[in-house]
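Structure file input00.txt; described as compact mmCIF, C-alpha atoms.
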# COMPACT_ATOMS: atom_id res chain seq x y z
CA MET A 1 0.00 0.00 0.00
CA THR A 2 1.36 3.42 -0.94
CA ASP A 3 1.66 6.37 1.42
CA ALA A 4 -1.34 7.90 -0.28
CA HIS A 5 -3.39 4.83 0.52
CA ASP A 6 -2.16 4.74 4.11
CA THR A 7 -3.60 8.23 4.38
CA ALA A 8 -6.78 7.21 2.59
CA ALA A 9 -7.30 4.28 4.90
CA ALA A 10 -6.69 6.37 7.99
CA SER A 11 -9.08 9.14 7.03
CA SER A 12 -11.00 8.50 3.85
CA LEU A 13 -12.17 12.09 3.35
CA ARG A 14 -10.18 15.28 3.29
CA THR A 15 -13.27 17.50 3.66
CA THR A 16 -16.22 17.50 6.01
CA GLY A 17 -18.78 15.81 3.84
CA GLY A 18 -17.27 16.97 0.56
CA ALA A 19 -18.79 20.45 0.54
CA PRO A 20 -18.26 22.70 -2.48
CA PRO A 21 -15.08 24.78 -2.18
CA ASP A 22 -16.96 28.02 -1.53
CA ASP A 23 -19.05 26.50 1.27
CA ASP A 24 -17.89 27.98 4.57
CA GLY A 25 -15.51 25.82 6.53
CA SER A 26 -15.76 22.78 4.31
CA SER A 27 -12.76 22.99 2.00
CA ALA A 28 -9.57 21.05 2.67
CA ALA A 29 -6.62 23.29 3.51
CA GLU A 30 -3.95 20.63 2.96
CA ALA A 31 -2.20 20.13 -0.36
CA PRO A 32 -3.79 17.29 -2.37
CA ILE A 33 -1.99 13.94 -2.36
CA PRO A 34 -1.03 12.29 -5.68
CA LEU A 35 -2.76 8.92 -6.10
CA LEU A 36 -0.05 6.81 -7.71
CA GLU A 37 -1.09 3.15 -7.44
CA PRO A 38 -4.29 1.15 -6.87
CA ARG A 39 -4.26 -0.12 -3.31
CA GLU A 40 -4.01 -3.79 -4.34
CA GLY A 41 -1.88 -3.02 -7.40
CA ILE A 42 -3.01 -3.15 -11.03
CA PRO A 43 -5.40 -6.09 -11.46
CA PRO A 44 -4.81 -8.44 -14.40
CA VAL A 45 -7.01 -7.79 -17.42
CA ILE A 46 -9.81 -10.36 -17.63
CA ALA A 47 -9.85 -11.72 -21.17
CA ASP A 48 -11.35 -15.22 -20.98
CA GLU A 49 -14.56 -16.81 -19.75
CA ALA A 50 -12.99 -18.68 -16.82
CA ALA A 51 -11.46 -15.53 -15.34
CA LEU A 52 -14.71 -13.64 -16.00
CA ALA A 53 -16.77 -16.26 -14.16
CA GLU A 54 -14.43 -16.08 -11.17
CA MET A 55 -14.62 -12.29 -11.14
CA ILE A 56 -18.45 -12.29 -11.38
CA ALA A 57 -18.66 -14.60 -8.37
CA ALA A 58 -16.34 -12.33 -6.38
CA PHE A 59 -18.33 -9.20 -7.20
CA ALA A 60 -21.66 -10.90 -6.50
CA ALA A 61 -20.31 -11.76 -3.03
CA GLY A 62 -19.09 -8.20 -2.42
CA THR A 63 -20.92 -5.61 -0.36
CA GLY A 64 -22.20 -2.10 -0.94
CA PRO A 65 -22.24 -0.06 -4.16
CA VAL A 66 -20.10 -0.98 -7.15
CA ALA A 67 -17.97 1.60 -8.96
CA VAL A 68 -18.20 1.24 -12.75
CA ASP A 69 -16.34 2.97 -15.57
CA ALA A 70 -15.70 2.29 -19.25
CA GLU A 71 -13.06 3.45 -21.71
CA ARG A 72 -13.91 4.06 -25.37
CA ALA A 73 -11.72 4.86 -28.39
CA SER A 74 -13.45 8.04 -29.49
CA GLY A 75 -11.56 9.70 -32.32
CA TYR A 76 -9.86 6.43 -33.25
CA ARG A 77 -12.57 3.81 -33.89
CA TYR A 78 -16.02 3.82 -35.43
CA GLY A 79 -18.84 4.07 -32.92
CA GLN A 80 -18.71 4.32 -29.15
CA ARG A 81 -18.11 0.73 -28.04
CA ALA A 82 -16.31 -0.02 -24.78
CA TYR A 83 -12.71 -1.26 -25.00
CA LEU A 84 -12.13 -1.59 -21.25
CA VAL A 85 -14.53 -1.89 -18.31
CA GLN A 86 -13.37 -1.11 -14.78
CA LEU A 87 -15.18 -2.05 -11.57
CA ARG A 88 -14.52 -1.91 -7.85
CA ARG A 89 -16.59 -3.18 -4.92
CA GLU A 90 -15.96 -3.66 -1.24
CA GLY A 91 -14.94 -7.27 -0.62
CA ALA A 92 -14.07 -7.88 -4.27
CA GLY A 93 -11.41 -5.27 -5.00
CA SER A 94 -10.92 -3.87 -8.50
CA ALA A 95 -11.33 -5.58 -11.85
CA LEU A 96 -10.39 -4.70 -15.42
CA ILE A 97 -12.31 -6.47 -18.20
CA ASP A 98 -11.50 -6.61 -21.90
CA PRO A 99 -14.94 -6.46 -23.59
CA VAL A 100 -13.37 -7.31 -26.96
CA ALA A 101 -12.27 -10.71 -25.62
CA CYS A 102 -15.40 -10.98 -23.40
CA PRO A 103 -18.12 -9.24 -25.44
CA ASP A 104 -21.07 -10.58 -23.42
CA LEU A 105 -21.10 -9.21 -19.88
CA SER A 106 -24.79 -9.83 -19.29
CA GLY A 107 -23.88 -12.39 -16.59
CA LEU A 108 -22.03 -9.65 -14.71
CA GLY A 109 -24.92 -7.28 -15.23
CA GLU A 110 -27.34 -9.84 -13.78
CA ALA A 111 -25.04 -10.54 -10.81
CA LEU A 112 -25.06 -6.82 -10.01
CA SER A 113 -28.79 -6.33 -10.58
CA GLY A 114 -30.28 -4.44 -7.66
CA VAL A 115 -26.86 -3.18 -6.58
CA GLU A 116 -26.28 0.57 -6.79
CA TRP A 117 -23.82 1.38 -9.57
CA VAL A 118 -21.62 4.44 -9.06
CA LEU A 119 -20.63 6.15 -12.31
CA HIS A 120 -19.21 9.55 -13.18
CA ALA A 121 -21.20 11.19 -16.01
CA ALA A 122 -23.36 8.09 -16.33
CA THR A 123 -25.09 9.06 -19.58
CA GLN A 124 -21.72 8.92 -21.38
CA ASP A 125 -20.97 5.33 -20.36
CA LEU A 126 -24.41 3.74 -20.21
CA PRO A 127 -24.85 3.31 -24.01
CA CYS A 128 -21.60 1.36 -24.43
CA LEU A 129 -22.28 -0.66 -21.26
CA ARG A 130 -25.76 -1.49 -22.53
CA GLU A 131 -24.24 -2.90 -25.73
CA ILE A 132 -22.32 -5.53 -23.73
CA GLY A 133 -25.22 -6.48 -21.44
CA MET A 134 -24.59 -4.23 -18.44
CA VAL A 135 -27.68 -2.23 -17.48
CA PRO A 136 -28.03 -0.83 -13.94
CA THR A 137 -31.33 -0.81 -12.08
CA ARG A 138 -30.02 1.71 -9.53
CA LEU A 139 -27.24 4.25 -9.91
CA PHE A 140 -25.46 7.19 -8.33
CA ASP A 141 -23.90 9.70 -10.75
CA THR A 142 -21.06 11.55 -9.03
CA GLU A 143 -20.83 14.21 -11.77
CA LEU A 144 -24.54 15.02 -11.56
CA ALA A 145 -24.34 14.97 -7.76
CA GLY A 146 -21.56 17.52 -7.97
CA ARG A 147 -23.68 19.76 -10.19
CA LEU A 148 -26.64 19.60 -7.84
CA ALA A 149 -24.38 20.31 -4.86
CA GLY A 150 -22.99 23.42 -6.53
CA PHE A 151 -19.42 22.42 -7.35
CA PRO A 152 -17.99 24.73 -10.02
CA ARG A 153 -15.81 21.97 -11.54
CA VAL A 154 -17.34 18.51 -11.85
CA GLY A 155 -14.79 16.50 -13.82
CA LEU A 156 -13.72 13.34 -12.00
CA GLY A 157 -10.22 14.63 -11.31
CA ALA A 158 -11.50 17.94 -9.95
CA MET A 159 -14.12 16.23 -7.79
CA VAL A 160 -11.68 13.70 -6.31
CA GLU A 161 -9.23 16.51 -5.56
CA ASN A 162 -11.75 18.98 -4.10
CA VAL A 163 -13.80 16.46 -2.14
CA LEU A 164 -11.32 13.74 -1.15
CA GLY A 165 -8.00 15.55 -1.40
CA PHE A 166 -6.29 13.26 -3.91
CA VAL A 167 -4.88 13.98 -7.36
CA LEU A 168 -5.66 11.51 -10.15
CA GLU A 169 -3.35 11.12 -13.12
CA LYS A 170 -4.79 12.85 -16.19
CA GLY A 171 -2.45 11.72 -18.94
CA HIS A 172 -4.34 8.86 -20.63
CA SER A 173 -7.96 10.00 -20.96
CA ALA A 174 -7.81 10.48 -24.75
CA VAL A 175 -5.62 7.52 -25.79
CA ASP A 176 -6.64 4.79 -28.21
CA TRP A 177 -8.16 2.24 -25.84
CA SER A 178 -8.56 -0.27 -28.68
CA THR A 179 -4.77 -0.80 -28.50
CA ARG A 180 -3.79 -4.36 -27.59
CA PRO A 181 -2.08 -5.16 -25.34
CA LEU A 182 -2.91 -2.12 -23.24
CA PRO A 183 0.24 -0.53 -21.76
CA GLU A 184 0.67 -0.81 -18.00
CA PRO A 185 0.48 2.99 -17.38
CA TRP A 186 -2.90 3.05 -19.12
CA LEU A 187 -4.17 0.17 -16.99
CA ARG A 188 -2.96 1.93 -13.84
CA TYR A 189 -4.83 5.08 -14.90
CA ALA A 190 -7.98 3.04 -15.62
CA ALA A 191 -7.88 1.22 -12.28
CA LEU A 192 -7.39 4.50 -10.40
CA ASP A 193 -10.53 5.92 -12.04
CA VAL A 194 -12.68 3.58 -9.90
CA GLU A 195 -10.36 3.48 -6.88
CA LEU A 196 -12.11 6.25 -4.93
CA LEU A 197 -15.41 6.47 -6.78
CA VAL A 198 -17.44 4.93 -3.93
CA ASP A 199 -15.66 7.19 -1.43
CA LEU A 200 -16.63 10.15 -3.59
CA ARG A 201 -20.20 8.89 -3.74
CA ASP A 202 -20.40 8.64 0.06
CA ALA A 203 -19.03 12.15 0.56
CA LEU A 204 -21.40 13.64 -2.01
CA GLU A 205 -24.37 11.86 -0.48
CA LYS A 206 -23.56 13.50 2.86
CA GLU A 207 -23.20 16.90 1.22
CA LEU A 208 -26.46 16.59 -0.72
CA ASP A 209 -28.21 15.54 2.46
CA ARG A 210 -26.73 18.53 4.29
CA GLN A 211 -28.06 20.85 1.57
CA GLY A 212 -31.50 19.20 1.55
CA LYS A 213 -30.99 17.96 -2.02
CA LEU A 214 -30.51 14.23 -1.55
CA GLU A 215 -34.06 13.33 -2.57
CA TRP A 216 -33.72 15.55 -5.61
CA ALA A 217 -30.57 13.68 -6.61
CA ARG A 218 -32.25 10.32 -6.14
CA GLN A 219 -35.06 11.38 -8.48
CA GLU A 220 -32.47 12.40 -11.08
CA PHE A 221 -30.59 9.11 -10.75
CA ASP A 222 -33.82 7.11 -11.05
CA ALA A 223 -34.71 9.04 -14.21
CA ILE A 224 -31.35 8.17 -15.78
CA ALA A 225 -31.58 4.50 -14.82
CA SER A 226 -35.13 4.14 -16.16
CA ALA A 227 -34.64 6.15 -19.38
CA PRO A 228 -35.00 4.10 -22.58
CA PRO A 229 -32.12 4.06 -25.08
CA PRO A 230 -32.12 7.25 -27.15
CA GLU A 231 -33.74 7.16 -30.57
CA PRO A 232 -31.29 7.13 -33.50
CA ARG A 233 -30.59 10.68 -34.58
CA LYS A 234 -32.54 11.69 -37.70
CA ASP A 235 -30.41 12.99 -40.57
CA PRO A 236 -27.13 12.88 -38.63
CA TRP A 237 -25.32 14.38 -41.63
CA ARG A 238 -26.96 17.71 -40.76
CA ARG A 239 -24.66 17.90 -37.73
CA THR A 240 -21.56 18.18 -39.93
CA SER A 241 -19.34 20.87 -38.46
CA GLY A 242 -19.57 24.02 -40.59
CA MET A 243 -23.00 23.09 -41.94
CA HIS A 244 -24.24 26.63 -41.27
CA LYS A 245 -22.27 27.77 -44.33
CA VAL A 246 -24.23 25.47 -46.62
CA ARG A 247 -27.35 27.29 -47.81
CA ARG A 248 -28.44 25.74 -51.14
CA ARG A 249 -30.29 22.46 -51.34
CA ARG A 250 -27.94 21.05 -54.00
CA GLN A 251 -25.00 21.80 -51.74
CA MET A 252 -26.80 20.12 -48.85
CA ALA A 253 -27.22 17.04 -51.04
CA VAL A 254 -23.44 17.00 -51.58
CA VAL A 255 -22.92 17.06 -47.81
CA ARG A 256 -25.37 14.19 -47.39
CA GLU A 257 -23.77 12.02 -50.10
CA LEU A 258 -20.22 12.63 -48.89
CA TRP A 259 -21.21 12.10 -45.24
CA GLN A 260 -22.97 8.81 -46.00
CA THR A 261 -20.09 7.58 -48.15
CA ARG A 262 -17.60 8.48 -45.42
CA ASP A 263 -19.74 6.73 -42.80
CA ARG A 264 -19.88 3.48 -44.80
CA ILE A 265 -16.10 3.51 -45.28
CA ALA A 266 -15.43 4.34 -41.62
CA GLN A 267 -17.75 1.57 -40.45
CA ARG A 268 -16.14 -0.96 -42.78
CA ARG A 269 -12.63 0.02 -41.70
CA ASP A 270 -13.63 0.50 -38.03
CA VAL A 271 -12.04 3.92 -37.81
CA SER A 272 -13.34 7.30 -36.72
CA PRO A 273 -15.12 9.03 -39.63
CA GLY A 274 -12.92 12.08 -39.14
CA LYS A 275 -9.89 9.95 -40.03
CA VAL A 276 -11.49 9.07 -43.37
CA LEU A 277 -12.48 12.61 -44.38
CA SER A 278 -12.77 15.76 -42.30
CA ASP A 279 -15.99 17.71 -41.86
CA ALA A 280 -14.17 20.76 -43.21
CA ALA A 281 -13.39 18.90 -46.45
CA ILE A 282 -17.03 17.83 -46.82
CA VAL A 283 -18.25 21.40 -46.44
CA GLU A 284 -15.54 22.67 -48.82
CA ALA A 285 -16.70 20.24 -51.50
CA ALA A 286 -20.35 21.11 -50.91
CA LEU A 287 -19.72 24.81 -51.38
CA ALA A 288 -17.65 24.25 -54.54
CA VAL A 289 -19.66 21.37 -56.12
CA PRO A 290 -16.58 20.38 -58.17
CA ALA A 291 -17.14 19.35 -61.76
CA ASN A 292 -14.51 16.59 -61.83
CA VAL A 293 -11.73 14.85 -59.93
CA HIS A 294 -9.20 17.49 -60.96
CA ALA A 295 -11.34 20.26 -59.46
CA LEU A 296 -11.96 18.18 -56.33
CA ALA A 297 -8.23 17.58 -55.83
CA ALA A 298 -7.66 21.34 -55.76
CA LEU A 299 -9.87 21.73 -52.67
CA ASN A 300 -8.58 21.73 -49.09
CA GLY A 301 -8.71 18.24 -47.61
CA PHE A 302 -8.60 16.38 -50.93
CA GLY A 303 -5.11 17.05 -52.28
CA GLN A 304 -1.66 15.68 -51.53
CA ARG A 305 -2.05 12.35 -49.67
CA VAL A 306 -5.45 11.47 -51.16
CA GLY A 307 -4.99 8.84 -53.86
CA ARG A 308 -6.65 8.83 -57.27
CA ARG A 309 -9.00 5.98 -56.32
CA GLN A 310 -10.14 7.81 -53.18
CA LEU A 311 -10.69 11.01 -55.13
CA GLU A 312 -12.85 9.11 -57.59
CA GLN A 313 -15.08 7.72 -54.83
CA TRP A 314 -15.57 11.21 -53.35
CA GLN A 315 -16.26 12.69 -56.79
CA ALA A 316 -18.77 9.90 -57.43
CA ALA A 317 -20.63 11.00 -54.28
CA VAL A 318 -20.63 14.60 -55.52
CA ASP A 319 -21.90 13.45 -58.91
CA ARG A 320 -24.75 11.51 -57.29
CA ALA A 321 -25.85 14.68 -55.53
CA LYS A 322 -25.63 16.65 -58.79
CA ALA A 323 -27.83 14.08 -60.55
CA LEU A 324 -30.71 14.27 -58.05
CA SER A 325 -33.98 15.80 -59.15
CA GLU A 326 -35.33 18.85 -57.30
CA SER A 327 -37.82 16.69 -55.40
CA GLN A 328 -34.99 14.43 -54.16
CA LEU A 329 -32.96 17.26 -52.66
CA PRO A 330 -32.99 17.65 -48.88
CA GLN A 331 -35.12 20.40 -47.41
CA PRO A 332 -33.30 23.42 -45.94
CA GLY A 333 -34.03 22.42 -42.37
CA GLN A 334 -35.38 19.53 -40.36
CA PRO A 335 -39.06 19.72 -39.44
CA VAL A 336 -39.22 21.86 -36.33
CA THR A 337 -41.30 20.69 -33.39
CA GLY A 338 -42.07 23.03 -30.56
CA PRO A 339 -41.52 26.77 -30.38
CA PRO A 340 -39.38 28.78 -32.82
CA PRO A 341 -35.89 29.99 -31.88
CA PRO A 342 -36.12 32.56 -29.05
CA ARG A 343 -34.55 35.29 -31.21
CA ALA A 344 -37.68 35.21 -33.40
CA TRP A 345 -40.16 35.52 -30.54
CA ALA A 346 -40.20 39.33 -30.34
CA ASP A 347 -41.47 39.53 -33.93
CA LYS A 348 -43.77 36.50 -33.90
CA ASP A 349 -45.33 36.91 -30.44
CA PRO A 350 -44.14 39.82 -28.26
CA GLU A 351 -46.23 38.62 -25.29
CA ALA A 352 -44.56 35.21 -25.43
CA ALA A 353 -41.17 36.93 -25.61
CA ALA A 354 -42.02 38.89 -22.47
CA ARG A 355 -43.10 35.69 -20.70
CA LEU A 356 -39.85 33.97 -21.67
CA SER A 357 -37.76 36.90 -20.47
CA ALA A 358 -39.52 36.89 -17.11
CA ALA A 359 -39.26 33.10 -16.83
CA ARG A 360 -35.55 33.08 -17.63
CA ALA A 361 -34.86 35.76 -15.04
CA GLY A 362 -36.88 33.89 -12.42
CA VAL A 363 -35.24 30.52 -13.14
CA SER A 364 -31.79 32.14 -13.09
CA ALA A 365 -32.43 33.73 -9.70
CA LEU A 366 -33.81 30.48 -8.28
CA ALA A 367 -30.85 28.47 -9.59
CA GLU A 368 -28.49 30.95 -7.97
CA ARG A 369 -30.30 30.65 -4.64
CA LEU A 370 -30.18 26.85 -4.86
CA ASN A 371 -26.52 26.95 -5.95
CA MET A 372 -26.84 24.78 -9.06
CA PRO A 373 -26.69 25.24 -12.84
CA GLN A 374 -29.94 26.45 -14.43
CA GLU A 375 -30.07 23.49 -16.83
CA ASN A 376 -30.10 21.07 -13.88
CA LEU A 377 -32.92 22.99 -12.24
CA ILE A 378 -35.07 22.80 -15.39
CA THR A 379 -34.18 22.33 -19.05
CA PRO A 380 -34.27 25.51 -21.16
CA ASP A 381 -36.41 23.68 -23.75
CA THR A 382 -39.09 22.99 -21.13
CA VAL A 383 -39.17 26.65 -20.12
CA ARG A 384 -39.51 27.71 -23.77
CA ARG A 385 -42.34 25.30 -24.46
CA VAL A 386 -44.34 26.38 -21.41
CA CYS A 387 -43.83 30.06 -22.24
CA TRP A 388 -44.70 29.69 -25.93
CA GLU A 389 -47.95 27.83 -25.32
CA PRO A 390 -48.84 28.35 -21.64
CA PRO A 391 -51.61 26.24 -20.13
CA LYS A 392 -54.96 27.87 -19.55
CA PRO A 393 -55.51 28.88 -16.87
CA ALA A 394 -51.82 29.37 -16.04
CA ASP A 395 -52.26 28.46 -12.40
CA ALA A 396 -50.05 26.30 -10.19
CA GLU A 397 -51.92 23.08 -10.94
CA SER A 398 -51.88 23.42 -14.73
CA VAL A 399 -48.28 24.65 -14.88
CA ALA A 400 -47.16 21.75 -12.68
CA ALA A 401 -49.00 19.33 -14.97
CA ALA A 402 -47.35 20.88 -18.03
CA LEU A 403 -43.89 20.58 -16.50
CA ALA A 404 -44.48 16.95 -15.59
CA ALA A 405 -45.72 16.23 -19.13
CA TYR A 406 -42.44 17.57 -20.51
CA GLY A 407 -40.48 15.19 -18.26
CA ALA A 408 -39.64 17.39 -15.27
CA ARG A 409 -39.03 15.44 -12.07
CA ALA A 410 -41.25 16.01 -9.02
CA TRP A 411 -38.62 18.12 -7.23
CA GLN A 412 -38.20 20.32 -10.31
CA VAL A 413 -41.95 20.78 -10.62
CA GLU A 414 -42.16 21.81 -6.96
CA GLN A 415 -39.32 24.33 -7.23
CA VAL A 416 -40.03 25.84 -10.65
CA THR A 417 -43.85 26.01 -10.73
CA PRO A 418 -44.14 29.22 -8.62
CA VAL A 419 -41.52 30.94 -10.77
CA LEU A 420 -43.30 30.09 -14.01
CA VAL A 421 -46.75 30.97 -12.67
CA ALA A 422 -45.44 34.44 -11.88
CA ALA A 423 -43.77 34.74 -15.30
CA LEU A 424 -46.90 33.65 -17.15
CA ALA A 425 -49.18 36.08 -15.37
CA SER A 426 -50.41 38.88 -17.64
CA PRO A 427 -49.66 42.48 -16.54
CA GLU A 428 -53.26 42.96 -15.45
CA ASP A 429 -53.05 39.78 -13.35
CA ALA A 430 -49.83 40.85 -11.68
Show me the file's structure as structure tokens.
Amino acid sequence: MTDAHDTAAASSLRTTGGAPPDDDGSSAAEAPIPLLEPREGIPPVIADEAALAEMIAAFAAGTGPVAVDAERASGYRYGQRAYLVQLRREGAGSALIDPVACPDLSGLGEALSGVEWVLHAATQDLPCLREIGMVPTRLFDTELAGRLAGFPRVGLGAMVENVLGFVLEKGHSAVDWSTRPLPEPWLRYAALDVELLVDLRDALEKELDRQGKLEWARQEFDAIASAPPPEPRKDPWRRTSGMHKVRRRRQMAVVRELWQTRDRIAQRRDVSPGKVLSDAAIVEAALAVPANVHALAALNGFGQRVGRRQLEQWQAAVDRAKALSESQLPQPGQPVTGPPPPRAWADKDPEAAARLSAARAGVSALAERLNMPQENLITPDTVRRVCWEPPKPADAESVAAALAAYGARAWQVEQVTPVLVAALASPEDA
């Protein structure tokens, strides 16, 4: 055990309940301690069914919450699959699993069913965990807990340092986790990510309870755990960076054809789409609509290292867009549901604009009093929808019902309803 872990064992928390740094008397005065090694050393990577079965039995026999993390290869590989899964539980220690060698972890998920999973920024990891059969029924999100408790910095490293007084290594967060074998320093980094996650959870639970927000947090965690998988994004090519420069429908068709061609190639090669062709190059070609391969090669992103065969496949995509009839061209924008952009409200409906202005000011003031980000108090989209088409009558009961219908949790409804009722009141009602 390292000196850092001697200290951790002797007094697991450096702050009194992990209060936000600006909370009187709760911040640690001592210099943070570097966390250099997992307390039992780096566990071996589990890469076969026998080792996995042994590990599942150990974690099923453990006690208390289980810390869970996953590493992806964003920017290197296609998609968002997990390339390493890390866990830690009292009585079982830490475990590192290779989900490429062990792609079905549903047995582990079942063994931990009913156990509280502790994740940091859970919504980032849950999709890739779901793909390999790991779906929590209960969770505690330490990042979201930090937001609700009013911490100004909620990254894992910042939270561990501010709440527990330890410094995590930051050097390997953006590496290519599909690399095999994984280097020892990367594995050390990965194991340390779950080393103190349950300790952080316990401290944040105390702080949320102290602030009277623990029930609010539990409602948020339940909402994350029970949320269905997100629907596939419609027309994902529209999210190409720089798309705002593309105004004409024919140019938009070029973006679509190039994006779809790039996506097929990236999926086949299992590489990040950006490594096949940059968004900037796609937009450049869309704006130019090159007539031939020679013209395409003159554009930024297509010259130099791009071979003749590759240029021909990109030009073929451009040519397909050029050959489309008017009726086949994409429409300028996706069908809009809900209210228009707020900047247009003053012209379209000045009364709605006044309601929105009052609502935003009220929500901002309430969020400041509660010491949390506005978007965690209530989503801006929900506020816009209620202000654009307010319920009639706009009393507490109908506003509360509208908020609930838009997915607001009970604690949010309770806190925000009075603010919105006041904002929706007409001048003669005020």
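Nearest to Tyr189 of chain A of all the residues A:Ala298, A:Leu105, A:Leu144, A:Leu36 is A:Leu36, counting only C-alpha atoms.
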All residues 12 Å or closer to segment 315-326 of chain A, all atoms listed in the file, same chain fewer than 6 positions away omitted, as a ChimeraX atom specification: /A:248-262,282-297,299,302,308-309
With C-alpha atoms retained, export the selected residues as a PDB file, in the coordinates of the input.
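For reference, selection-v7.pdb as written:
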ATOM      1  CA  ARG A 248     -28.440  25.740 -51.140  1.00  0.00           C
ATOM      2  CA  ARG A 249     -30.290  22.460 -51.340  1.00  0.00           C
ATOM      3  CA  ARG A 250     -27.940  21.050 -54.000  1.00  0.00           C
ATOM      4  CA  GLN A 251     -25.000  21.800 -51.740  1.00  0.00           C
ATOM      5  CA  MET A 252     -26.800  20.120 -48.850  1.00  0.00           C
ATOM      6  CA  ALA A 253     -27.220  17.040 -51.040  1.00  0.00           C
ATOM      7  CA  VAL A 254     -23.440  17.000 -51.580  1.00  0.00           C
ATOM      8  CA  VAL A 255     -22.920  17.060 -47.810  1.00  0.00           C
ATOM      9  CA  ARG A 256     -25.370  14.190 -47.390  1.00  0.00           C
ATOM     10  CA  GLU A 257     -23.770  12.020 -50.100  1.00  0.00           C
ATOM     11  CA  LEU A 258     -20.220  12.630 -48.890  1.00  0.00           C
ATOM     12  CA  TRP A 259     -21.210  12.100 -45.240  1.00  0.00           C
ATOM     13  CA  GLN A 260     -22.970   8.810 -46.000  1.00  0.00           C
ATOM     14  CA  THR A 261     -20.090   7.580 -48.150  1.00  0.00           C
ATOM     15  CA  ARG A 262     -17.600   8.480 -45.420  1.00  0.00           C
ATOM     16  CA  ILE A 282     -17.030  17.830 -46.820  1.00  0.00           C
ATOM     17  CA  VAL A 283     -18.250  21.400 -46.440  1.00  0.00           C
ATOM     18  CA  GLU A 284     -15.540  22.670 -48.820  1.00  0.00           C
ATOM     19  CA  ALA A 285     -16.700  20.240 -51.500  1.00  0.00           C
ATOM     20  CA  ALA A 286     -20.350  21.110 -50.910  1.00  0.00           C
ATOM     21  CA  LEU A 287     -19.720  24.810 -51.380  1.00  0.00           C
ATOM     22  CA  ALA A 288     -17.650  24.250 -54.540  1.00  0.00           C
ATOM     23  CA  VAL A 289     -19.660  21.370 -56.120  1.00  0.00           C
ATOM     24  CA  PRO A 290     -16.580  20.380 -58.170  1.00  0.00           C
ATOM     25  CA  ALA A 291     -17.140  19.350 -61.760  1.00  0.00           C
ATOM     26  CA  ASN A 292     -14.510  16.590 -61.830  1.00  0.00           C
ATOM     27  CA  VAL A 293     -11.730  14.850 -59.930  1.00  0.00           C
ATOM     28  CA  HIS A 294      -9.200  17.490 -60.960  1.00  0.00           C
ATOM     29  CA  ALA A 295     -11.340  20.260 -59.460  1.00  0.00           C
ATOM     30  CA  LEU A 296     -11.960  18.180 -56.330  1.00  0.00           C
ATOM     31  CA  ALA A 297      -8.230  17.580 -55.830  1.00  0.00           C
ATOM     32  CA  LEU A 299      -9.870  21.730 -52.670  1.00  0.00           C
ATOM     33  CA  PHE A 302      -8.600  16.380 -50.930  1.00  0.00           C
ATOM     34  CA  ARG A 308      -6.650   8.830 -57.270  1.00  0.00           C
ATOM     35  CA  ARG A 309      -9.000   5.980 -56.320  1.00  0.00           C
TER      36      ARG A 309
END
Option closest in space to Cys387 of chain A, from A:Arg360, A:Lys234, A:Arg369, A:Arg409 [counting all atoms listed in the file]: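 Nearest candidate to Cys387 of chain A out of A:Arg360, A:Lys234, A:Arg369, A:Arg409: A:Arg360.
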Close residues, segment 113-116 of chain A itself excluded, 7 Å, all atoms listed in the file, min 2 positions apart in chain, as an MDAnalysis selection string: chainID A and resid 65:66 109:111 118 136:140
Near-Arg355 of chain A list (9 Å; all atoms listed in the file; drop same-chain fewer than 6 positions) as number ranges by chain: A: 387-388, 420, 423-426
Residues just named, written with C-alpha atoms as a PDB file, in the frame of the given file:
ATOM      1  CA  CYS A 387     -43.830  30.060 -22.240  1.00  0.00           C
ATOM      2  CA  TRP A 388     -44.700  29.690 -25.930  1.00  0.00           C
ATOM      3  CA  LEU A 420     -43.300  30.090 -14.010  1.00  0.00           C
ATOM      4  CA  ALA A 423     -43.770  34.740 -15.300  1.00  0.00           C
ATOM      5  CA  LEU A 424     -46.900  33.650 -17.150  1.00  0.00           C
ATOM      6  CA  ALA A 425     -49.180  36.080 -15.370  1.00  0.00           C
ATOM      7  CA  SER A 426     -50.410  38.880 -17.640  1.00  0.00           C
TER       8      SER A 426
END
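Considering the residues A:Asp98, A:Glu184, A:Asp176, A:Glu37 and counting only C-alpha atoms, Ala73 of chain A has its shortest atom-to-atom contact with A:Asp176.
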Who sits within 8 Å of Leu96 of chain A, all atoms listed in the file, same chain under 3 positions skipped, as a list in words: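 Once the nearby chain positions are removed, what remains is Pro43, Pro44, Val45, Ile46, Leu84, Val85, Gln86, Leu87 and Ala191 of chain A.
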So that I have them on file, write out the residues from the current selection with C-alpha atoms, as a short mmCIF file (atom, residue, chain, number, x, y, z; two decimals), in the frame of the given file.
data_model
loop_
_atom_site.label_atom_id
_atom_site.label_comp_id
_atom_site.auth_asym_id
_atom_site.auth_seq_id
_atom_site.Cartn_x
_atom_site.Cartn_y
_atom_site.Cartn_z
CA PRO A 43 -5.40 -6.09 -11.46
CA PRO A 44 -4.81 -8.44 -14.40
CA VAL A 45 -7.01 -7.79 -17.42
CA ILE A 46 -9.81 -10.36 -17.63
CA LEU A 84 -12.13 -1.59 -21.25
CA VAL A 85 -14.53 -1.89 -18.31
CA GLN A 86 -13.37 -1.11 -14.78
CA LEU A 87 -15.18 -2.05 -11.57
CA ALA A 191 -7.88 1.22 -12.28
#
Long-range neighbours of Gln124 of chain A as a ChimeraX atom specification, 10 Å cut-off, only C-alpha atoms, 4 positions minimum in chain: /A:69-70,80,119-120,128-129
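Remark: for Arg218 of chain A, the closest of the candidate residues A:Asp141, A:Leu182, A:Val175, A:Ala101 is A:Asp141 (distances computed over only C-alpha atoms).
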